[in-house]
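Asks: This is start28.tsv (TSV, C-alpha atoms).
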```
chain	number	residue	atom	x	y	z
A	224	MET	CA	255.63	131.38	-28.85
A	225	ASP	CA	255.44	135.16	-28.84
A	226	CYS	CA	253.59	136.52	-25.85
A	227	ILE	CA	251.05	138.73	-27.66
A	228	GLU	CA	250.39	135.90	-30.12
A	229	ALA	CA	249.78	133.51	-27.19
A	230	ILE	CA	247.34	135.89	-25.48
A	231	LEU	CA	245.41	136.47	-28.72
A	232	GLY	CA	245.57	132.81	-29.75
A	233	ARG	CA	244.26	131.23	-26.53
A	234	ARG	CA	240.86	129.59	-27.02
A	235	SER	CA	238.46	127.66	-24.85
A	236	CYS	CA	238.88	123.98	-25.69
A	237	ARG	CA	235.94	121.60	-25.33
A	238	ALA	CA	237.36	118.41	-26.90
A	239	PHE	CA	240.55	116.70	-25.77
A	240	THR	CA	242.58	113.76	-27.07
A	241	ASN	CA	243.81	110.98	-24.78
A	242	GLN	CA	247.42	112.10	-25.16
A	243	ILE	CA	249.14	112.41	-21.80
A	244	VAL	CA	250.33	115.87	-20.74
A	245	GLU	CA	254.10	115.75	-20.27
A	246	ASP	CA	255.19	116.43	-16.71
A	247	GLU	CA	257.71	119.03	-17.86
A	248	LYS	CA	254.94	121.03	-19.52
A	249	LEU	CA	252.71	120.66	-16.48
A	250	GLN	CA	255.44	122.00	-14.19
A	251	LYS	CA	255.99	125.01	-16.48
A	252	ILE	CA	252.27	125.75	-16.45
A	253	LEU	CA	252.06	125.48	-12.66
A	254	THR	CA	255.10	127.73	-12.27
A	255	CYS	CA	253.39	130.33	-14.47
A	256	ALA	CA	250.31	130.07	-12.26
A	257	THR	CA	252.36	130.91	-9.16
A	258	TYR	CA	253.80	133.98	-10.91
A	259	ALA	CA	250.46	135.78	-11.03
A	260	PRO	CA	250.35	138.98	-8.99
A	261	SER	CA	248.54	138.90	-5.65
A	262	PRO	CA	247.74	141.54	-3.02
A	263	VAL	CA	250.73	141.95	-0.67
A	264	ASN	CA	252.28	138.94	-2.48
A	265	LYS	CA	250.21	136.60	-0.31
A	266	GLN	CA	250.03	133.97	-3.07
A	267	PRO	CA	246.55	132.96	-1.90
A	268	TRP	CA	246.31	129.83	-4.04
A	269	GLU	CA	246.82	126.11	-4.04
A	270	PHE	CA	246.56	123.80	-7.03
A	271	ILE	CA	245.15	120.29	-7.03
A	272	VAL	CA	246.33	118.40	-10.09
A	273	VAL	CA	244.00	115.53	-10.91
A	274	ARG	CA	245.10	112.74	-13.24
A	275	ASN	CA	242.67	110.07	-12.20
A	276	ARG	CA	239.56	109.94	-14.38
A	277	ALA	CA	237.39	108.62	-11.57
A	278	TYR	CA	237.45	112.21	-10.32
A	279	ASN	CA	236.67	113.64	-13.74
A	280	HIS	CA	233.57	111.45	-13.85
A	281	LYS	CA	232.44	112.66	-10.43
A	282	LEU	CA	232.90	116.26	-11.51
A	283	GLN	CA	230.99	115.65	-14.74
A	284	GLU	CA	228.10	114.15	-12.75
A	285	GLU	CA	228.08	117.28	-10.59
A	286	ALA	CA	228.11	119.46	-13.73
A	287	GLU	CA	225.13	117.56	-15.20
A	288	LYS	CA	223.18	118.05	-11.98
A	289	VAL	CA	224.02	121.76	-11.84
A	290	LYS	CA	223.12	122.21	-15.53
A	291	SER	CA	219.60	120.91	-14.97
A	292	TYR	CA	218.68	123.49	-12.33
A	293	ILE	CA	220.59	126.29	-14.02
A	294	ALA	CA	218.63	125.61	-17.23
A	295	GLU	CA	215.44	126.00	-15.23
A	296	ARG	CA	216.50	129.11	-13.30
A	297	SER	CA	218.11	130.95	-16.19
A	298	LYS	CA	215.53	130.07	-18.88
A	299	TRP	CA	218.55	130.05	-21.23
A	300	LYS	CA	217.88	127.45	-23.90
A	301	TRP	CA	221.51	126.62	-24.66
A	302	VAL	CA	222.20	125.38	-21.11
A	303	SER	CA	220.46	122.02	-21.36
A	304	LYS	CA	222.11	121.42	-24.76
A	305	TYR	CA	225.57	122.37	-23.48
A	306	LYS	CA	227.66	119.18	-23.48
A	307	VAL	CA	230.15	118.79	-20.64
A	308	ASP	CA	231.84	115.59	-21.92
A	309	PHE	CA	235.11	117.53	-22.09
A	310	ILE	CA	235.32	117.13	-18.31
A	311	SER	CA	235.71	113.37	-18.55
A	312	GLN	CA	237.91	113.66	-21.63
A	313	ALA	CA	240.48	116.01	-20.10
A	314	PRO	CA	243.62	114.08	-19.07
A	315	VAL	CA	244.33	116.70	-16.40
A	316	LEU	CA	242.14	118.83	-14.17
A	317	ILE	CA	243.66	121.65	-12.17
A	318	ILE	CA	241.54	122.83	-9.26
A	319	VAL	CA	242.55	126.36	-8.27
A	320	VAL	CA	241.80	126.70	-4.58
A	321	GLY	CA	241.77	130.17	-3.03
A	322	ASP	CA	242.48	131.00	0.59
A	323	PRO	CA	240.05	133.67	1.86
A	324	SER	CA	242.34	134.33	4.84
A	325	LYS	CA	244.98	135.64	2.42
A	326	ASN	CA	243.35	138.84	1.22
A	327	GLY	CA	245.34	142.04	0.98
A	328	ALA	CA	244.55	145.50	2.36
A	329	GLU	CA	241.51	145.79	0.06
A	330	GLN	CA	239.59	143.61	2.53
A	331	PHE	CA	239.49	146.64	4.87
A	332	LEU	CA	237.79	149.00	2.41
A	333	ASN	CA	234.34	150.35	3.28
A	334	THR	CA	233.16	148.10	0.45
A	335	PRO	CA	235.50	145.15	1.01
A	336	VAL	CA	237.02	143.36	-1.96
A	337	ASN	CA	238.17	139.73	-2.03
A	338	GLY	CA	241.62	140.18	-3.52
A	339	TYR	CA	242.31	136.45	-3.19
A	340	LYS	CA	239.64	135.70	-5.81
A	341	GLN	CA	241.12	138.20	-8.27
A	342	ALA	CA	244.60	136.76	-7.72
A	343	CYS	CA	243.28	133.23	-8.35
A	344	ALA	CA	241.60	134.42	-11.57
A	345	ALA	CA	244.94	135.91	-12.69
A	346	ALA	CA	246.66	132.59	-11.89
A	347	ILE	CA	244.02	130.78	-13.98
A	348	GLU	CA	244.61	133.14	-16.92
A	349	ASN	CA	248.35	132.44	-16.65
A	350	ILE	CA	247.60	128.71	-16.80
A	351	CYS	CA	245.43	129.15	-19.90
A	352	ILE	CA	248.00	131.29	-21.75
A	353	ALA	CA	251.00	129.15	-20.78
A	354	ALA	CA	249.15	125.97	-21.80
A	355	HIS	CA	248.26	127.46	-25.18
A	356	CYS	CA	251.83	128.42	-25.88
A	357	LEU	CA	252.90	124.83	-25.11
A	358	GLY	CA	250.38	123.44	-27.62
A	359	LEU	CA	247.77	122.49	-25.02
A	360	GLY	CA	244.12	123.44	-24.73
A	361	THR	CA	242.25	124.61	-21.64
A	362	LEU	CA	238.74	125.19	-20.46
A	363	TRP	CA	238.12	127.46	-17.48
A	364	PHE	CA	235.16	125.68	-15.93
A	365	SER	CA	232.87	127.20	-13.31
A	366	LEU	CA	229.56	125.31	-13.41
A	367	PHE	CA	229.98	123.51	-10.11
A	368	GLU	CA	228.94	124.17	-6.52
A	369	ALA	CA	231.90	124.98	-4.28
A	370	LYS	CA	230.43	122.60	-1.70
A	371	SER	CA	230.43	119.68	-4.14
A	372	ALA	CA	233.97	120.45	-5.35
A	373	ARG	CA	235.11	120.43	-1.71
A	374	GLU	CA	233.55	116.97	-1.25
A	375	ILE	CA	234.89	115.49	-4.49
A	376	PHE	CA	238.45	116.76	-4.12
A	377	SER	CA	238.70	116.74	-0.27
A	378	ILE	CA	239.12	120.51	0.06
A	379	ALA	CA	238.92	122.06	3.53
A	380	SER	CA	235.72	123.96	4.31
A	381	ASP	CA	237.58	127.26	4.83
A	382	LYS	CA	239.07	127.15	1.31
A	383	ASP	CA	237.39	128.32	-1.90
A	384	PRO	CA	237.62	126.29	-5.13
A	385	VAL	CA	237.62	129.36	-7.38
A	386	GLY	CA	237.91	127.59	-10.72
A	387	ILE	CA	238.66	124.29	-12.41
A	388	ILE	CA	240.79	124.08	-15.53
A	389	CYS	CA	240.37	121.16	-17.92
A	390	LEU	CA	243.75	120.64	-19.61
A	391	GLY	CA	244.93	118.46	-22.46
A	392	TYR	CA	245.77	118.30	-26.15
A	393	PRO	CA	242.95	119.74	-28.29
A	394	ALA	CA	241.07	117.15	-30.37
A	395	LYS	CA	240.21	119.69	-33.06
A	396	GLU	CA	241.23	123.08	-34.28
A	397	LEU	CA	239.76	125.80	-32.13
A	398	VAL	CA	237.72	128.63	-33.54
A	399	ALA	CA	237.92	132.07	-32.00
A	400	PRO	CA	234.58	133.39	-30.80
A	401	PRO	CA	234.04	136.93	-32.11
A	402	ARG	CA	235.25	139.84	-30.00
A	403	LYS	CA	233.84	143.34	-29.95
A	404	ALA	CA	236.25	145.82	-31.52
A	405	VAL	CA	238.51	147.57	-29.01
A	406	CYS	CA	237.02	150.97	-29.97
A	407	GLU	CA	233.61	149.76	-28.75
A	408	LYS	CA	235.06	148.89	-25.35
A	409	VAL	CA	237.37	151.82	-24.66
A	410	GLN	CA	236.70	155.36	-23.59
A	411	TYR	CA	239.48	157.98	-23.37
A	412	ILE	CA	239.96	160.73	-20.82
A	413	ASP	CA	242.73	162.90	-22.29
X	200	MET	CA	259.13	138.17	-26.11
X	201	ASP	CA	258.52	134.50	-25.39
X	202	CYS	CA	255.24	133.91	-23.64
X	203	ILE	CA	256.49	131.90	-20.65
X	204	GLU	CA	259.33	134.39	-20.18
X	205	ALA	CA	256.78	137.24	-20.21
X	206	ILE	CA	254.55	135.57	-17.62
X	207	LEU	CA	257.51	134.83	-15.33
X	208	GLY	CA	259.12	138.24	-15.92
X	209	ARG	CA	256.11	140.46	-15.17
X	210	ARG	CA	256.63	142.52	-12.01
X	211	SER	CA	254.63	145.11	-10.13
X	212	CYS	CA	256.09	148.52	-11.02
X	213	ARG	CA	255.90	151.36	-8.50
X	214	ALA	CA	258.05	154.01	-10.22
X	215	PHE	CA	257.43	155.35	-13.73
X	216	THR	CA	259.32	157.71	-16.03
X	217	ASN	CA	257.58	160.56	-17.87
X	218	GLN	CA	258.01	158.82	-21.21
X	219	ILE	CA	254.77	158.76	-23.18
X	220	VAL	CA	253.27	155.33	-23.91
X	221	GLU	CA	253.06	154.92	-27.69
X	222	ASP	CA	249.53	154.61	-29.00
X	223	GLU	CA	250.41	151.51	-30.99
X	224	LYS	CA	251.55	149.74	-27.81
X	225	LEU	CA	248.46	150.90	-25.95
X	226	GLN	CA	246.19	149.49	-28.65
X	227	LYS	CA	248.00	146.13	-28.54
X	228	ILE	CA	247.60	146.00	-24.78
X	229	LEU	CA	243.90	146.86	-24.95
X	230	THR	CA	243.36	144.24	-27.65
X	231	CYS	CA	245.00	141.64	-25.39
X	232	ALA	CA	242.64	142.71	-22.59
X	233	THR	CA	239.61	142.01	-24.78
X	234	TYR	CA	240.95	138.54	-25.58
X	235	ALA	CA	240.55	137.28	-22.01
X	236	PRO	CA	238.01	134.48	-21.63
X	237	SER	CA	234.62	135.33	-20.16
X	238	PRO	CA	231.57	133.26	-19.24
X	239	VAL	CA	229.37	132.74	-22.33
X	240	ASN	CA	231.75	135.17	-24.14
X	241	LYS	CA	229.84	138.10	-22.63
X	242	GLN	CA	232.98	140.30	-22.59
X	243	PRO	CA	231.73	142.00	-19.41
X	244	TRP	CA	234.32	144.79	-19.43
X	245	GLU	CA	234.96	148.33	-20.48
X	246	PHE	CA	238.25	150.20	-20.29
X	247	ILE	CA	238.71	153.85	-19.43
X	248	VAL	CA	242.11	155.05	-20.58
X	249	VAL	CA	243.21	158.12	-18.62
X	250	ARG	CA	246.03	160.33	-19.92
X	251	ASN	CA	245.25	163.50	-18.00
X	252	ARG	CA	247.21	163.78	-14.78
X	253	ALA	CA	244.50	165.84	-13.08
X	254	TYR	CA	242.71	162.49	-12.72
X	255	ASN	CA	245.81	160.72	-11.44
X	256	HIS	CA	246.05	163.34	-8.70
X	257	LYS	CA	242.42	162.83	-7.71
X	258	LEU	CA	242.95	159.07	-7.54
X	259	GLN	CA	246.08	159.52	-5.46
X	260	GLU	CA	244.18	161.73	-3.01
X	261	GLU	CA	241.55	158.99	-2.73
X	262	ALA	CA	244.29	156.40	-2.14
X	263	GLU	CA	245.85	158.51	0.63
X	264	LYS	CA	242.47	158.80	2.33
X	265	VAL	CA	241.80	155.08	2.04
X	266	LYS	CA	245.29	154.24	3.34
X	267	SER	CA	244.71	156.14	6.56
X	268	TYR	CA	241.64	154.18	7.60
X	269	ILE	CA	242.98	150.88	6.28
X	270	ALA	CA	246.11	151.39	8.41
X	271	GLU	CA	243.87	151.80	11.43
X	272	ARG	CA	241.55	148.89	10.66
X	273	SER	CA	244.21	146.40	9.61
X	274	LYS	CA	246.82	147.27	12.28
X	275	TRP	CA	249.34	146.47	9.52
X	276	LYS	CA	252.33	148.74	10.04
X	277	TRP	CA	253.46	148.84	6.41
X	278	VAL	CA	250.21	150.46	5.22
X	279	SER	CA	250.89	153.99	6.46
X	280	LYS	CA	254.44	153.82	5.05
X	281	TYR	CA	253.26	152.52	1.67
X	282	LYS	CA	253.91	155.29	-0.88
X	283	VAL	CA	251.35	155.72	-3.64
X	284	ASP	CA	253.21	158.37	-5.66
X	285	PHE	CA	253.29	155.94	-8.57
X	286	ILE	CA	249.65	156.84	-9.18
X	287	SER	CA	250.51	160.44	-10.09
X	288	GLN	CA	253.65	159.35	-11.94
X	289	ALA	CA	251.96	156.87	-14.26
X	290	PRO	CA	251.45	158.40	-17.72
X	291	VAL	CA	248.46	156.12	-18.28
X	292	LEU	CA	245.77	154.71	-16.02
X	293	ILE	CA	243.45	152.00	-17.28
X	294	ILE	CA	240.25	151.62	-15.29
X	295	VAL	CA	238.79	148.16	-15.86
X	296	VAL	CA	235.05	148.48	-15.41
X	297	GLY	CA	232.98	145.33	-15.01
X	298	ASP	CA	229.33	144.93	-15.92
X	299	PRO	CA	227.49	142.89	-13.25
X	300	SER	CA	224.61	142.32	-15.67
X	301	LYS	CA	226.97	140.27	-17.86
X	302	ASN	CA	227.53	137.22	-15.69
X	303	GLY	CA	227.39	133.74	-17.17
X	304	ALA	CA	225.41	130.71	-16.00
X	305	GLU	CA	227.44	130.58	-12.74
X	306	GLN	CA	225.21	133.38	-11.41
X	307	PHE	CA	222.43	130.77	-11.07
X	308	LEU	CA	224.36	128.37	-8.82
X	309	ASN	CA	223.05	127.75	-5.30
X	310	THR	CA	226.11	129.71	-4.22
X	311	PRO	CA	226.19	132.29	-7.01
X	312	VAL	CA	229.51	133.36	-8.50
X	313	ASN	CA	230.22	136.71	-10.14
X	314	GLY	CA	231.85	135.51	-13.35
X	315	TYR	CA	232.17	139.09	-14.61
X	316	LYS	CA	234.68	139.85	-11.85
X	317	GLN	CA	236.82	136.82	-12.72
X	318	ALA	CA	236.74	137.76	-16.41
X	319	CYS	CA	237.83	141.32	-15.56
X	320	ALA	CA	240.69	139.96	-13.45
X	321	ALA	CA	241.79	137.81	-16.41
X	322	ALA	CA	241.65	140.89	-18.67
X	323	ILE	CA	243.81	142.77	-16.14
X	324	GLU	CA	246.36	139.95	-16.11
X	325	ASN	CA	246.47	140.05	-19.93
X	326	ILE	CA	247.16	143.81	-19.71
X	327	CYS	CA	250.00	143.26	-17.23
X	328	ILE	CA	251.65	140.50	-19.27
X	329	ALA	CA	251.25	142.26	-22.64
X	330	ALA	CA	252.62	145.50	-21.19
X	331	HIS	CA	255.65	143.70	-19.78
X	332	CYS	CA	256.43	142.08	-23.09
X	333	LEU	CA	256.32	145.53	-24.74
X	334	GLY	CA	258.83	146.92	-22.23
X	335	LEU	CA	256.24	148.65	-20.04
X	336	GLY	CA	255.58	148.35	-16.33
X	337	THR	CA	252.22	147.96	-14.60
X	338	LEU	CA	250.73	148.11	-11.17
X	339	TRP	CA	247.38	146.44	-10.49
X	340	PHE	CA	245.94	148.89	-7.98
X	341	SER	CA	242.97	148.14	-5.74
X	342	LEU	CA	243.14	150.49	-2.74
X	343	PHE	CA	240.19	152.67	-3.72
X	344	GLU	CA	236.50	152.72	-2.94
X	345	ALA	CA	234.35	151.78	-5.94
X	346	LYS	CA	232.09	154.73	-5.07
X	347	SER	CA	234.96	157.22	-5.27
X	348	ALA	CA	236.26	155.73	-8.53
X	349	ARG	CA	232.77	156.10	-9.99
X	350	GLU	CA	232.75	159.78	-9.03
X	351	ILE	CA	236.28	160.55	-10.25
X	352	PHE	CA	235.94	158.79	-13.61
X	353	SER	CA	232.17	159.33	-14.20
X	354	ILE	CA	231.29	155.63	-14.10
X	355	ALA	CA	227.61	154.64	-13.99
X	356	SER	CA	226.32	153.42	-10.62
X	357	ASP	CA	225.42	149.99	-12.02
X	358	LYS	CA	229.01	149.34	-13.20
X	359	ASP	CA	231.86	147.99	-11.07
X	360	PRO	CA	235.38	149.47	-11.31
X	361	VAL	CA	237.11	146.15	-10.65
X	362	GLY	CA	240.71	147.33	-10.87
X	363	ILE	CA	242.94	150.20	-11.95
X	364	ILE	CA	246.19	149.61	-13.79
X	365	CYS	CA	248.98	152.17	-13.59
X	366	LEU	CA	250.95	151.90	-16.84
X	367	GLY	CA	254.20	153.42	-18.06
X	368	TYR	CA	257.90	152.90	-18.58
X	369	PRO	CA	259.58	151.63	-15.41
X	370	ALA	CA	261.92	154.16	-13.74
X	371	LYS	CA	264.09	151.42	-12.27
X	372	GLU	CA	264.82	147.77	-12.67
X	373	LEU	CA	262.17	145.66	-11.03
X	374	VAL	CA	262.97	143.02	-8.46
X	375	ALA	CA	260.92	139.85	-8.27
X	376	PRO	CA	259.30	139.26	-4.90
X	377	PRO	CA	260.01	135.70	-3.75
X	378	ARG	CA	257.56	132.98	-4.71
X	379	LYS	CA	256.86	129.78	-2.81
X	380	ALA	CA	258.16	126.76	-4.67
X	381	VAL	CA	255.59	125.05	-6.87
X	382	CYS	CA	255.89	121.85	-4.83
X	383	GLU	CA	254.64	123.73	-1.75
X	384	LYS	CA	251.53	124.85	-3.61
X	385	VAL	CA	250.55	121.72	-5.52
X	386	GLN	CA	248.87	118.52	-4.45
X	387	TYR	CA	248.43	115.57	-6.82
X	388	ILE	CA	245.53	113.18	-7.13
X	389	ASP	CA	246.81	110.41	-9.40
```
Show me the file's structure as structure tokens.
Replies:
Amino acid sequence: MDCIEAILGRRSCRAFTNQIVEDEKLQKILTCATYAPSPVNKQPWEFIVVRNRAYNHKLQEEAEKVKSYIAERSKWKWVSKYKVDFISQAPVLIIVVGDPSKNGAEQFLNTPVNGYKQACAAAIENICIAAHCLGLGTLWFSLFEAKSAREIFSIASDKDPVGIICLGYPAKELVAPPRKAVCEKVQYID
Amino acid sequence: MDCIEAILGRRSCRAFTNQIVEDEKLQKILTCATYAPSPVNKQPWEFIVVRNRAYNHKLQEEAEKVKSYIAERSKWKWVSKYKVDFISQAPVLIIVVGDPSKNGAEQFLNTPVNGYKQACAAAIENICIAAHCLGLGTLWFSLFEAKSAREIFSIASDKDPVGIICLGYPAKELVAPPRKAVCEKVQYID
């Protein structure tokens, strides 16, 4: 698939079929993840690939718990109605685990920046685009406590589970949410 | 260009020619940026496109200043030798400005997460990949103080200049820095 088409065609997928994700596709997607840029090429990421639904169910339970107090704190009405069944449906979860000890020089700024988090986010975007161009759907999921994710997936306490990607074949056609026009988002200094 | 090829072929570019970046290409790249995913589709980004080298020079001066104290704080020997001339060379700078008021529900976690920063990082990665597939080179630059970037580019104090992308035609062929093998970075839970 053409690259621009893949970037513009990627959608968040919230319904997956049971179809198994081919290992060849999974390896391509993971390779793309490792080709994200990172400060000083520290590659501050690790990927936990989960293909055992017992773990999906534990993560969904965590998400349900989190949803209930987020609904209360945010006062956003959609939160309690937001279904997270896609977590249990997804045949693959990829936990993107960042290593805070692998920041670049930006950690020494007067206002320090966590470059490892940005690099992990870029790796996640690569996963989402690569998956789309291989006919797969993704959801970049972030409604979980890092502490709980560490417990569920046995992640060391000094590592940061930056994001979780639900991956699988989409169960329905995906609709693009509207985007603001580029001209509303860009300012020129010429 | 094929999508997987584009993701694997993107490189950090640190030498640009004077060739002007065509407006059509720039618009495609900016459109790709706006197609990154964001929590609750809040699109928490704005893009400042700079094509006036007076600003490049100011940013380079800032980078030189930052380098000197980062070299001291980090004790990393490469920092003082790291040339940032590519900043003045780049015919285009894109400042990716995040809006901290546009976080998603993850801001209400017990350990709050700044989803807007992750979304901006995904937008930056889209810029880098789209540029590569259009024959352009990019550098994701982060050695600047947010405060200074706000002053140079007249950014409001409540906005966060998450990253700056130097964009232009590469002056030389780009070499891929080595990547760890996927098997070293992946763990399976089956």
Asks: Define the interface residues of chain X facing chain A as those within 6 Å, counting only C-alpha atoms, and report them as a VMD selection string.
Replies: chain X and resid 200 to 202 207 234 245 to 251 269 305 307 317 320 to 321 324 342 384 to 389
Asks: To one decimal in Å, tell me the separation between CA of Val307 (chain A) and CA of Glu284 (chain A).
Replies: 9.4 Å
Asks: Write out as lines of an AutoDock Vina configuration file an axis-aligned box for region 336-346 of chain A: all of its atoms listed in the file, 6 Å added on each side, centre and edge lengths in Å with one decimal.
Replies:
```
center_x = 241.8
center_y = 138.0
center_z = -7.3
size_x = 21.6
size_y = 22.8
size_z = 22.7
```
Asks: Please, what distance in Å, to one decimal, runs between CA of Ser279 (chain X) and CA of Leu258 (chain X)?
Replies: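 Separating CA of Ser279 (chain X) from CA of Leu258 (chain X) is a distance of 16.9 Å.
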Asks: Which value, in Å to one decimal, gives the distance between CA of Ala262 (chain X) and CA of Thr216 (chain X)?
Replies: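 Distance reported for this atom pair: 20.5 Å.
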Asks: Which residue gives the smallest distance to Gly360 (chain A) among A:Lys298, A:Lys281, A:Lys382, A:Lys395, with all atoms listed in the file counted?
Replies: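 Among the listed residues, A:Lys395 lies closest to Gly360 (chain A).
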Asks: Taking all atoms listed in the file into account, name the residue in A:Asp308, A:Tyr339, A:His280, A:Leu390 that is nearest to Lys248 (chain A).
Replies: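 Closest to Lys248 (chain A), using all atoms listed in the file: A:Leu390.
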Asks: Please complete region 401-413 of chain A with N, CA and C atoms and give it back as a compact mmCIF listing (two decimals), keeping the file's coordinate frame.
Replies:
```txt
# COMPACT_ATOMS: atom_id res chain seq x y z
N PRO A 401 233.84 135.52 -31.73
CA PRO A 401 234.04 136.93 -32.11
C PRO A 401 234.24 137.81 -30.89
N ARG A 402 235.05 138.84 -31.06
CA ARG A 402 235.25 139.84 -30.00
C ARG A 402 234.72 141.18 -30.50
N LYS A 403 234.19 141.95 -29.59
CA LYS A 403 233.84 143.34 -29.95
C LYS A 403 235.13 144.08 -30.26
N ALA A 404 235.07 145.02 -31.18
CA ALA A 404 236.25 145.82 -31.52
C ALA A 404 236.68 146.63 -30.29
N VAL A 405 237.97 146.83 -30.16
CA VAL A 405 238.51 147.57 -29.01
C VAL A 405 237.82 148.94 -28.89
N CYS A 406 237.59 149.61 -30.03
CA CYS A 406 237.02 150.97 -29.97
C CYS A 406 235.62 150.97 -29.34
N GLU A 407 234.94 149.82 -29.38
CA GLU A 407 233.61 149.76 -28.75
C GLU A 407 233.70 149.59 -27.24
N LYS A 408 234.90 149.22 -26.76
CA LYS A 408 235.06 148.89 -25.35
C LYS A 408 235.89 149.91 -24.58
N VAL A 409 236.43 150.89 -25.31
CA VAL A 409 237.37 151.82 -24.66
C VAL A 409 236.85 153.25 -24.74
N GLN A 410 237.04 153.94 -23.63
CA GLN A 410 236.70 155.36 -23.59
C GLN A 410 237.98 156.08 -23.14
N TYR A 411 238.24 157.25 -23.70
CA TYR A 411 239.48 157.98 -23.37
C TYR A 411 239.18 159.23 -22.56
N ILE A 412 239.98 159.44 -21.53
CA ILE A 412 239.96 160.73 -20.82
C ILE A 412 241.33 161.34 -21.04
N ASP A 413 241.42 162.31 -21.96
CA ASP A 413 242.73 162.90 -22.29
C ASP A 413 242.85 164.34 -21.77
```
